[in-house]
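> The structure is given below, and queries will be raised subsequently.
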Amino acid sequence: MSAPFIRETMVCMNTAPFITATQLSKRYGATEALRGVDVTIHHGESVAIMGPSGSGKTTLMHVLSGIITPHSGSVQFQALNRPVELSTLNSEKRAKLRLQHIGFVFQEGLLMPELTALENVAVALMLSGVPRPAAESTAAGWLHALGLEGMEDRRPGQLSGGQAQRVAIARAQVNNPQIVFADEPTGALDSATSDQVLSALLDSTSGRGAPLVVVTHDEAVAARCSRIVRLQDGRLVHDSATSGALPEGHNAGGGR
């Protein structure tokens with residue numbers, strides 16, 4: 001990715017944790033998806049959330065990003081260096097916060113098949129009220145920075161899996177989000193393409209000082225992140241930012 005482009009979109013650094021989550025609990029019927037999880041996310045770090053299926057990885061990501069609210073616990077989010085308690089926001093205000101401050105990348109990309117690569121990226125800006133010409137100019141800049149120059153007019157069906165995921169990354173980054181969440185972003189890719197896509201994701205997020213949170217089953221993906229946290233049965237059982245495995249029944253807020 002182009003270093004000058006990263007510098008132009010550098011986020012404001014802050015020594016305070018970007019997200020501070022304490023005692024998060026979430027239930028689905030009789031199933032406890034999260035059981036008293038404490039975790040902090042810092043500016044500029046890349047955090048891999050790992051664990052077996054059903055351990056609570058995706059639920060934790062959804063709670064931290066405000067997609068869902070916990071049954072108990074607190075999530076403090078630094079929106080433009082002003083702390084916001086997500087649990088106090090209604091669904092409309094959480095949706096606005098996600099649109100303005102958070103980027104998402106999913107395993108399948110979730111691109112709109114009827115739109116071109118340029119339009120898929122530009123639409124995220126247009127939803128925020130940016131006029132189409134300006135939105136398309138910024139979108140083109142991100143596509144070029146991610147190695148997709150000349151592919152602006154291709155639709156998702158005309159792109160390889162890796163190219164489509166880089167379009168999804170451009171869409172996630174085009175609003176200069178303060179944090180990016182990625183749910184199995186390389187899960188459908190071969191190892192070589194996975195490595196390229198992960199490099200683009202890391203460079204375009206932590207490379208400009210924003211935190212990246214990745215839910216993954218892939219140890220190779222996790223190894224490239226600056227920090228790994230592991231869940232089991234809804235509990236945080238390991239955080240590489242601390243001394244390692246946590247005592248039974250204890251959750252550590254990650255630090256640096």
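Residue numbering restarts at 1 for every chain of the structure tokens, chains are lettered A, B, ... in their displayed order, and ligands are numbered from 1 as they appear.
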Quick one: residues within 12 Å of range 118-126 of chain A, only C-alpha atoms, excluding same-chain residues fewer than 4 positions away - as a PyMOL selection string?
chain A and resi 98-104+109-114+130-144+148-156+164-177
> Compile the contact shell of range 182-197 of chain A as a list of chain:residue names: residues with an atom at most 6 Å away, counting only C-alpha atoms, same-chain residues fewer than 3 positions apart removed.
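Using only C-alpha atoms, the neighbours found are A:Phe104, A:Val105, A:Phe106, A:Gln107, A:Gly162, A:Ala200, A:Val214, A:Val215, A:Thr216.
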> May I have the residues from that selection written out with C-alpha atoms, as a PDB file, in the first residue's frame?

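After the write, selection-v7.pdb holds the following:
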```
ATOM      1  CA  PHE A 104     -16.107  -3.756   8.923  1.00  0.00           C
ATOM      2  CA  VAL A 105     -14.636  -6.514   6.744  1.00  0.00           C
ATOM      3  CA  PHE A 106     -16.423  -9.871   6.571  1.00  0.00           C
ATOM      4  CA  GLN A 107     -15.399 -13.310   5.296  1.00  0.00           C
ATOM      5  CA  GLY A 162      -8.444 -11.622  -3.138  1.00  0.00           C
ATOM      6  CA  ALA A 200      -3.381  -4.888   2.957  1.00  0.00           C
ATOM      7  CA  VAL A 214      -9.680  -9.704  13.754  1.00  0.00           C
ATOM      8  CA  VAL A 215     -11.814 -12.737  14.583  1.00  0.00           C
ATOM      9  CA  THR A 216     -10.034 -15.766  13.152  1.00  0.00           C
TER      10      THR A 216
END
```
> Please measure the separation of CA of Gly147 in chain A and CA of Ile228 in chain A, giving the value in Å to one decimal.
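Pair CA of Gly147 in chain A / CA of Ile228 in chain A returns 28.3 Å.
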> As a ChimeraX atom specification, please: every residue in range 59-159 of chain A that a backbone DSSP assignment puts in helix (DSSP H, G or I).
/A:59-64,86-88,91-101,117-126,132-145,156-158
> So that I can check the surroundings of Leu97 in chain A, please list as an mmCIF file with C-alpha atoms, in the first residue's frame every protein, DNA and RNA residue that reaches within 9 Å of it, counting only C-alpha atoms and ignoring chain neighbours fewer than 5 positions away.

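So the final result, stored in around_10.cif, reads:
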```cif
data_model
loop_
_atom_site.group_PDB
_atom_site.id
_atom_site.type_symbol
_atom_site.label_atom_id
_atom_site.label_comp_id
_atom_site.auth_asym_id
_atom_site.auth_seq_id
_atom_site.Cartn_x
_atom_site.Cartn_y
_atom_site.Cartn_z
ATOM 1 C CA GLY A 66 -22.019 -1.832 19.072
ATOM 2 C CA ALA A 79 -15.280 8.466 19.569
ATOM 3 C CA GLU A 92 -30.192 4.415 15.941
ATOM 4 C CA ILE A 102 -16.128 1.939 12.496
#
```
> Distance CA of Ser160 in chain A-CA of Thr58 in chain A, one decimal place?
26.0 Å
> Please provide as a PDB file with C-alpha atoms, in the first residue's frame all residues within 10 Å of Phe77 in chain A, with the sequence filter that same-chain residues fewer than 5 positions apart are discarded (counting only C-alpha atoms).

```
ATOM      1  CA  PRO A  17      -7.290   2.776  25.579  1.00  0.00           C
ATOM      2  CA  PHE A  18      -9.518   3.114  22.534  1.00  0.00           C
ATOM      3  CA  ILE A  19     -12.047   0.580  23.863  1.00  0.00           C
ATOM      4  CA  THR A  20     -12.396  -0.431  27.491  1.00  0.00           C
ATOM      5  CA  ALA A  21     -14.823  -3.302  28.067  1.00  0.00           C
ATOM      6  CA  ILE A  41      -8.121  -2.267  22.771  1.00  0.00           C
ATOM      7  CA  LEU A  64     -17.327  -4.236  21.111  1.00  0.00           C
ATOM      8  CA  SER A  65     -18.524  -2.694  17.831  1.00  0.00           C
ATOM      9  CA  GLY A  66     -22.019  -1.832  19.072  1.00  0.00           C
ATOM     10  CA  ARG A  82     -14.430  11.589  23.678  1.00  0.00           C
ATOM     11  CA  PRO A  83     -15.483   8.513  25.699  1.00  0.00           C
ATOM     12  CA  VAL A  84     -18.906   7.129  24.795  1.00  0.00           C
ATOM     13  CA  GLU A  85     -20.652   4.375  26.763  1.00  0.00           C
ATOM     14  CA  LEU A  86     -22.215   2.167  24.083  1.00  0.00           C
ATOM     15  CA  LEU A  97     -21.567   5.648  15.420  1.00  0.00           C
TER      16      LEU A  97
END
```
> Smallest atom-to-atom distance to Gly73 in chain A: which of A:Leu24, A:Leu34, A:Ala48, A:Val39, using only C-alpha atoms?
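Going through A:Leu24, A:Leu34, A:Ala48, A:Val39 one by one, the smallest distance to Gly73 in chain A is for A:Leu24.
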> In Å, rounded to a single decimal, give me how far CA of Ile179 in chain A is from CA of Asn81 in chain A.
12.4 Å
> Could you check the closest approach to Ser72 in chain A for each of A:Thr205, A:Gln163, A:Ser55, A:Thr88 and tell me which residue wins, using only C-alpha atoms?
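Of all the options, A:Thr88 lies closest to Ser72 in chain A.
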